[in-house]
Every structure is written in structure tokens, then in C-alpha cells.
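These notes concern the structure reproduced below.
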Amino acid sequence: MFRKVLIANRGEIAVRILRACRALGVRGAAVYSEADRDALHVRMADEAHPVGPAAPGESYLRAERILAAARISGAEAIHPGYGFLSEQAAFAEACERAGLVFVGPSPETLRAAGDKIASRRAAEEAGLPVLPGAAPDGARMGPWREAAERLGYPLLVKAAAGGGGRGMRRVEGPEGLEAALSAARAEARLAFADERVFLEKRFPSVRHVEVQILGDGRGGALHLGERECSVQRRHQKVVEESPAPGLDPRAREGMREEAVRLASRLGYRGAGTVEFLLPEEGGHFFLEVNARLQVEHPVTEMVTGLDLVALQLQVAAEGELPLAQGDVRFSGHAVEARLCAEDPSRDFSPQTGVVRALHLPGGPGVRVDAGVAPGSVVGPHYDSLLAKVVAWGADREAALARLSAALAELRLAGLCTNQAFLAALAAHPAFREGALSTEFLARHPEVLDPPFPENRLEEARLAAALGRYLAAGELGGRAAGDRGEPKDPWARPGPWLPGGAA
């Protein structure tokens, strides 16, 4: 095992990796931008090194600065977490040249998985059912129109190097094709320095299911079950669970087997996922490979009892899988909710502020992976994810009951979050029944602006009274609510919060 690992990330995933290192007796070195000088992951690390200004492009995405920090720290390996440099083949190659172990897939695998056109081709060659699509050569519209007519509308235009919904456009009919191609190419060029796009058939309603894989880099691979990731906003996941509820047993086993087969073909090393879409009409189709640890990995850990980060480090250090498929056991059900600094009633617009007070829930079957603590500054530069609230139960009903209780117990003061939305979603009858699809929020918009929780009404009355009193003095009698601030009075910055005025 390594003696020291540099974590090339921030927030809750950096904290998670540091804890795994500590459990293995490995020293963890952190990196930080100027905005993260006092961040939780910096306080927890054995040592920490600055890598530049707040903007990711000047800090966490600067490979040469990350490598310099690794050299200064004496680390033997770099764990990239997810996002930032985690799926960049050039960075993995730079680590190898510097004599460092990249905790993730090989550069060759990253290229094959990161290029969605190439990964579709690899999946087809491995015998997986692939979503109908086409990637005509050149920019002439004739071949693109022919391909679109052959596939049938509606369609998606997607970036070959894309992710997170960037470089993606919906096309409802022939009249919108040319504009969608142009816009997708422009966005892809800016986001990924690669303007290649392709067409993909869009089904009106699908489920999104991913299979967790683990490979040794030499063709050996296994799966750790699947996760349901269908409830999404702006092509990004909101709630994830394992196992996927109500899934046909043949589809479940088929996707697991196909994921392992593709991982073997790619020579996959470490942890990753193979993603599938399941149309309401039936069947399932390969979507893409995410060649990294996923945000939602805790639900897999809860149902398998395995530490995915520790497994990543073991594979990277020893080049072997420390377990066989027959060693993997599944127990119960787990659900994860992403607590974010955002306002669901305003199209999930990101929010900023200072975490003035924080109480995290606990109890049997409850886990919280947090990247903030009291005093943490949440700025505009990074992803809005604050923490992940995870609940396990003997079955889905028990897991959801624990999740609802945990969300009710959670307290975070100082900025607006999506906590009430998550609570309303977890309690929604359709969600409880497992009626899941990527169109869930469009079909149930009422969860986006839920009523204030009854168990916090006394707090609300006190906070509202204080808020009106303070607003009268500050604003000449104009109520705080007139400023378009969050419904939750405790989410509004003000002197009544622990720590004083925001």
C-alpha cells in the first residue's frame, strides 16, 4: 500500500478520500485554491498545498500545479476524486511520466471511455445493446439530415467529449436540427476543446440505471450491483438508490453481465460505472462509461459493506482485485439525497453564503458525507454540492423512512439549500411507489416548491418575527420577504444566525 496519497480535489469527495486513507494507515495530502484555504478538507489533511486562485481553471484544473504539489509532498499516488482532472487521459499520462500512480483507469481506457463515439463503438463490439445513434462525417447538413430521418425524431445532439449536459441539445423536428448542431458544437468547443457531436435517439421517458464496476486493468472485472439514478434536474442526478426498484430480474442480470463484459474489453482499472437507459417501451440500452468514482458511490457501499475508495487504492497499489464476484454480498436497500446550495423553485439556481450553523443527522442506518462545517464559505466557483445524506434499511420502505427522518433532523443555517425539496421528493407518493423516470420532476412540479415543514413552524415563527423586526430597521419597514429571499427564514443571512450577520 502507498505511504502517502495526494488528493487532487476538494469538498466532500476530498474528505471522503482522506478518511479512507486514514483507515488504511496512509497519509493524505490535500491541495487547495485561495477560496478553499480554510475548507474542511484542508483542515482534515495531514498536509495541504496551495495550487492557485479560486477559479478552477487556475487551480484544481492546472495539472502542472497538482503535480508540483505531489512532488513537494512526496506522495506516491494521486487520487483525482471525480470531476476536475479525474477523466483526463493527458493528466493520467503526466502522472505516469512523473513516476506517480494515477488512482484510476489507464490513459488508453480514459480515451476510449471519454470519447462517447468511441465508447459506443466499444460497447457494440462487446455485444451490448446501444442507443440508436449516428455520427456522420463532416459539417455538410445533407448526411446529418439523412441520419436524423433514419433515426426518427425526437433526437439529442450530444458532444463526443461531453458530460453533465454540456454540449447537448434536444431536437423535436427537422426544422431545429441545424441550429441544435451549431449550438452544441459551439458549447462543446468551449467546454471540451472538441467540437465533435453525434445524434442519439431520444425516448420521451426513460429510467437511468448504472452498474458499478471494478477492474484490475488486465481484463479482470466484477460488478457491485446497480443504482437507480432516474430523478434528475438539468441532466444531473438528485437522488440515487441501490438496488434499482422494481427492475425486471432478467434486465438486472443482463445489465450487470454486460457491464462486466465491457469493463473486461476496455481493460478497465479501478472503480467506474457503465450507464444504461431503460425506455418505458421496454428493453435497455448502453449509454456511456463514467471512468471514475461516482458521487453516488455511498449507496453501493451501504448495500455491499465494501469501501470503494479503499478498493480503488488497493487496485492501484497492487494491480489485483482483492475480491472475486462470489465474495460480493448484497443486503437491504440504500438511498442517497444530494444536499446542494441551490433554490429548486428558481430552476435550481446556485446559492452562495456562509454556513453559520450545521447539525448533521445520525442514527442507525444513516450516513452523511459532508464537505462543509460551521464557518465554511460557499462561493460561486464550484459545484453546489454540500453533503450527501444516505440511509440504509432492510427494504426500500425502511430506507426511505430513515431518509425522511434524517432530512427532517438536518439543520443548515446561513444559505438557501434544496433540503425542503429533497424531503418533499422522498415523501412523494409516486416516488415511494417507484414510478421513476428522467421526467419525474417535469411530471411532479409540486415538489419544486414545497410548503414549509410542519416540524419547524415554531422555528419559522421566531425567525420570521426577528426577520421582520430587523428588516424594518434596515429597510425602512419593507419586509424581508419582499426581497425575493428563501422561504426558509433560517436560510436568510442575518444577525440572528449563529456567528452574526452574513
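Ordering of the C-alpha cells sets the chain letters (A, B, ...), residue numbers begin anew at 1 in every chain, and ligands are numbered from 1 in the order given.
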
What's around A:Ser264 at 12 Å? Count only C-alpha atoms, leave out sequence neighbours fewer than 5 positions away in its own chain, and write the answer as a PyMOL selection string.
chain A and resi 109+122-123+126+213-223+257-259+269-270+274

Could you write out the selected residues, including N, CA and C atoms, as a PDB file, in the first residue's frame?
ATOM      1  N   THR A 109      -7.691   3.660 -21.571  1.00  0.00           N
ATOM      2  CA  THR A 109      -9.094   3.430 -21.202  1.00  0.00           C
ATOM      3  C   THR A 109      -9.840   4.750 -21.067  1.00  0.00           C
ATOM      4  N   ALA A 122     -17.093   0.591 -28.831  1.00  0.00           N
ATOM      5  CA  ALA A 122     -16.581  -0.494 -27.992  1.00  0.00           C
ATOM      6  C   ALA A 122     -17.724  -1.320 -27.417  1.00  0.00           C
ATOM      7  N   ALA A 123     -18.807  -0.649 -27.009  1.00  0.00           N
ATOM      8  CA  ALA A 123     -19.961  -1.368 -26.470  1.00  0.00           C
ATOM      9  C   ALA A 123     -20.605  -2.251 -27.536  1.00  0.00           C
ATOM     10  N   ALA A 126     -18.590  -5.285 -28.004  1.00  0.00           N
ATOM     11  CA  ALA A 126     -18.726  -6.205 -26.884  1.00  0.00           C
ATOM     12  C   ALA A 126     -20.106  -6.849 -26.828  1.00  0.00           C
ATOM     13  N   ILE A 213     -18.757  -0.976 -11.542  1.00  0.00           N
ATOM     14  CA  ILE A 213     -17.760  -1.969 -11.942  1.00  0.00           C
ATOM     15  C   ILE A 213     -16.467  -1.728 -11.187  1.00  0.00           C
ATOM     16  N   LEU A 214     -15.661  -2.786 -11.108  1.00  0.00           N
ATOM     17  CA  LEU A 214     -14.333  -2.726 -10.528  1.00  0.00           C
ATOM     18  C   LEU A 214     -13.443  -3.641 -11.353  1.00  0.00           C
ATOM     19  N   GLY A 215     -12.329  -3.094 -11.864  1.00  0.00           N
ATOM     20  CA  GLY A 215     -11.446  -3.872 -12.722  1.00  0.00           C
ATOM     21  C   GLY A 215     -10.004  -3.799 -12.279  1.00  0.00           C
ATOM     22  N   ASP A 216      -9.202  -4.793 -12.725  1.00  0.00           N
ATOM     23  CA  ASP A 216      -7.783  -4.829 -12.346  1.00  0.00           C
ATOM     24  C   ASP A 216      -6.857  -4.235 -13.401  1.00  0.00           C
ATOM     25  N   GLY A 217      -7.424  -3.786 -14.538  1.00  0.00           N
ATOM     26  CA  GLY A 217      -6.617  -3.196 -15.601  1.00  0.00           C
ATOM     27  C   GLY A 217      -6.042  -4.210 -16.571  1.00  0.00           C
ATOM     28  N   ARG A 218      -6.273  -5.491 -16.319  1.00  0.00           N
ATOM     29  CA  ARG A 218      -5.728  -6.541 -17.195  1.00  0.00           C
ATOM     30  C   ARG A 218      -6.820  -7.457 -17.729  1.00  0.00           C
ATOM     31  N   GLY A 219      -8.052  -7.010 -17.666  1.00  0.00           N
ATOM     32  CA  GLY A 219      -9.162  -7.814 -18.179  1.00  0.00           C
ATOM     33  C   GLY A 219     -10.015  -8.439 -17.113  1.00  0.00           C
ATOM     34  N   GLY A 220      -9.532  -8.471 -15.878  1.00  0.00           N
ATOM     35  CA  GLY A 220     -10.348  -8.979 -14.778  1.00  0.00           C
ATOM     36  C   GLY A 220     -11.315  -7.908 -14.298  1.00  0.00           C
ATOM     37  N   ALA A 221     -12.572  -8.264 -14.116  1.00  0.00           N
ATOM     38  CA  ALA A 221     -13.574  -7.279 -13.710  1.00  0.00           C
ATOM     39  C   ALA A 221     -14.726  -7.956 -12.990  1.00  0.00           C
ATOM     40  N   LEU A 222     -15.400  -7.178 -12.169  1.00  0.00           N
ATOM     41  CA  LEU A 222     -16.606  -7.652 -11.493  1.00  0.00           C
ATOM     42  C   LEU A 222     -17.543  -6.474 -11.293  1.00  0.00           C
ATOM     43  N   HIS A 223     -18.776  -6.763 -10.869  1.00  0.00           N
ATOM     44  CA  HIS A 223     -19.742  -5.695 -10.611  1.00  0.00           C
ATOM     45  C   HIS A 223     -20.112  -5.696  -9.143  1.00  0.00           C
ATOM     46  N   GLU A 257     -24.117  -8.250 -16.254  1.00  0.00           N
ATOM     47  CA  GLU A 257     -23.208  -9.075 -17.054  1.00  0.00           C
ATOM     48  C   GLU A 257     -22.587  -8.273 -18.186  1.00  0.00           C
ATOM     49  N   GLU A 258     -23.391  -7.435 -18.832  1.00  0.00           N
ATOM     50  CA  GLU A 258     -22.881  -6.616 -19.938  1.00  0.00           C
ATOM     51  C   GLU A 258     -21.854  -5.599 -19.463  1.00  0.00           C
ATOM     52  N   ALA A 259     -22.080  -5.043 -18.279  1.00  0.00           N
ATOM     53  CA  ALA A 259     -21.132  -4.072 -17.740  1.00  0.00           C
ATOM     54  C   ALA A 259     -19.778  -4.719 -17.478  1.00  0.00           C
ATOM     55  N   ARG A 269      -9.434  -0.374 -15.121  1.00  0.00           N
ATOM     56  CA  ARG A 269      -8.726  -0.442 -13.836  1.00  0.00           C
ATOM     57  C   ARG A 269      -9.400   0.481 -12.831  1.00  0.00           C
ATOM     58  N   GLY A 270      -9.688  -0.061 -11.670  1.00  0.00           N
ATOM     59  CA  GLY A 270     -10.298   0.740 -10.610  1.00  0.00           C
ATOM     60  C   GLY A 270     -11.814   0.720 -10.671  1.00  0.00           C
ATOM     61  N   VAL A 274     -20.938   1.681 -15.736  1.00  0.00           N
ATOM     62  CA  VAL A 274     -21.478   1.542 -17.082  1.00  0.00           C
ATOM     63  C   VAL A 274     -22.945   1.946 -16.989  1.00  0.00           C
TER      64      VAL A 274
END

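Residues in contact with A:Val26 at 6 Å, where only C-alpha atoms are counted and same-chain residues fewer than 3 positions away are skipped, are listed as Arg3, Lys4, Cys21 and Arg22 of chain A.
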
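Omitting A:Tyr60 and its sequence neighbours fewer than 4 positions away, and counting only C-alpha atoms, the residues within 7 Å are A:Asn9, A:Val51, A:Pro56, A:Phe84.
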
Export N, CA and C atoms of the chosen residues as a JSON list (two decimals), in the first residue's frame?
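What ended up in out30.json:
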[["chain", "number", "residue", "atom", "x", "y", "z"],
["A", 9, "ASN", "N", -8.51, 17.14, -5.34],
["A", 9, "ASN", "CA", -9.91, 17.53, -5.37],
["A", 9, "ASN", "C", -10.23, 18.34, -4.13],
["A", 51, "VAL", "N", -2.63, 25.68, -4.71],
["A", 51, "VAL", "CA", -2.46, 25.44, -6.14],
["A", 51, "VAL", "C", -2.99, 26.58, -7.00],
["A", 56, "PRO", "N", -11.41, 27.36, -10.92],
["A", 56, "PRO", "CA", -10.87, 26.02, -11.15],
["A", 56, "PRO", "C", -9.82, 25.96, -12.24],
["A", 84, "PHE", "N", -13.12, 17.69, -12.22],
["A", 84, "PHE", "CA", -11.79, 18.26, -12.40],
["A", 84, "PHE", "C", -10.94, 17.38, -13.35]]

Just the number, please: distance in Å from atom CA of A:Val42 to atom CA of A:Asn290, one decimal.
27.2 Å

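Between A:Val103 and the residues A:Ser404, A:Ser182, A:Gln314, A:Ser349, the shortest atom-to-atom distance, using only C-alpha atoms, involves A:Gln314.
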
Which residue, A:Ala20, A:Val238, A:Leu266, A:Leu400, has the smallest gap to A:Cys340 when you use only C-alpha atoms?
A:Val238

Which one is closest to A:Arg37: A:Ala186, A:Ala54, A:Leu441, A:Val309? Count only C-alpha atoms.
A:Ala54

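With only C-alpha atoms taken into account, the protein and nucleic acid residues at most 10 Å from A:Ala405 (excluding it and anything under 3 positions from it in its own chain) are Pro361, Gly362, Gly363, Val366, Ala391, Ala399, Leu400, Ala401, Arg402, Ala408, Glu409, Leu410 and Ala423 of chain A.
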
Name all residues at most 6 Å from stretch 324-335 of chain A (count only C-alpha atoms; drop same-chain ones fewer than 2 positions away) and give them as a PyMOL selection string.
chain A and resi 222+240-242+299+303-304+390-396+399

Residue selection dump (C-alpha atoms) as a PDB file, in the first residue's frame:
ATOM      1  CA  LEU A 222     -16.606  -7.652 -11.493  1.00  0.00           C
ATOM      2  CA  GLU A 240     -29.829   7.687  -6.189  1.00  0.00           C
ATOM      3  CA  GLU A 241     -30.564   4.275  -4.740  1.00  0.00           C
ATOM      4  CA  SER A 242     -29.463   0.657  -4.825  1.00  0.00           C
ATOM      5  CA  VAL A 299     -25.316   3.668  -1.670  1.00  0.00           C
ATOM      6  CA  VAL A 303     -25.640  -2.411   0.475  1.00  0.00           C
ATOM      7  CA  THR A 304     -22.355  -4.297  -0.040  1.00  0.00           C
ATOM      8  CA  VAL A 390     -27.571   8.397   2.819  1.00  0.00           C
ATOM      9  CA  ALA A 391     -29.969   5.991   4.506  1.00  0.00           C
ATOM     10  CA  TRP A 392     -29.976   2.175   4.610  1.00  0.00           C
ATOM     11  CA  GLY A 393     -32.847  -0.122   5.524  1.00  0.00           C
ATOM     12  CA  ALA A 394     -33.772  -3.768   5.295  1.00  0.00           C
ATOM     13  CA  ASP A 395     -36.007  -2.824   2.360  1.00  0.00           C
ATOM     14  CA  ARG A 396     -36.802   0.278   0.302  1.00  0.00           C
ATOM     15  CA  ALA A 399     -34.603   3.101   3.806  1.00  0.00           C
TER      16      ALA A 399
END

Write out as an MDAnalysis selection string all residues of stretch 288-408 of chain A that backbone DSSP assigns to alpha helix (DSSP H).
chainID A and resid 297:304 308:318 396:408

When you count only C-alpha atoms, which of these residues is closest to A:His381: A:Pro53, A:Gly254, A:Gly28, A:Gly176?
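Result for the nearest residue to A:His381: A:Pro53.
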
When distances are computed from only C-alpha atoms, which of A:Glu342, A:Glu96, A:Glu108, A:Asp248 shows the smallest separation from A:Asn418?
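Checking each of A:Glu342, A:Glu96, A:Glu108, A:Asp248 against A:Asn418, counting only C-alpha atoms, the winner is A:Glu342.
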
Skipping near chain neighbours, those fewer than 5 positions away, what residues fall within 12 Å of stretch 195-199 of chain A using only C-alpha atoms, listed as a ChimeraX atom specification?
/A:115-118,120,131-139,143-162,166-171,177-178,180-190

In terms of the shortest atom-to-atom distance over only C-alpha atoms, which of A:Gly353, A:Pro322, A:Pro204, A:Pro429 is closest to A:Pro279?
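Ranking A:Gly353, A:Pro322, A:Pro204, A:Pro429 by distance to A:Pro279, first place goes to A:Pro204.
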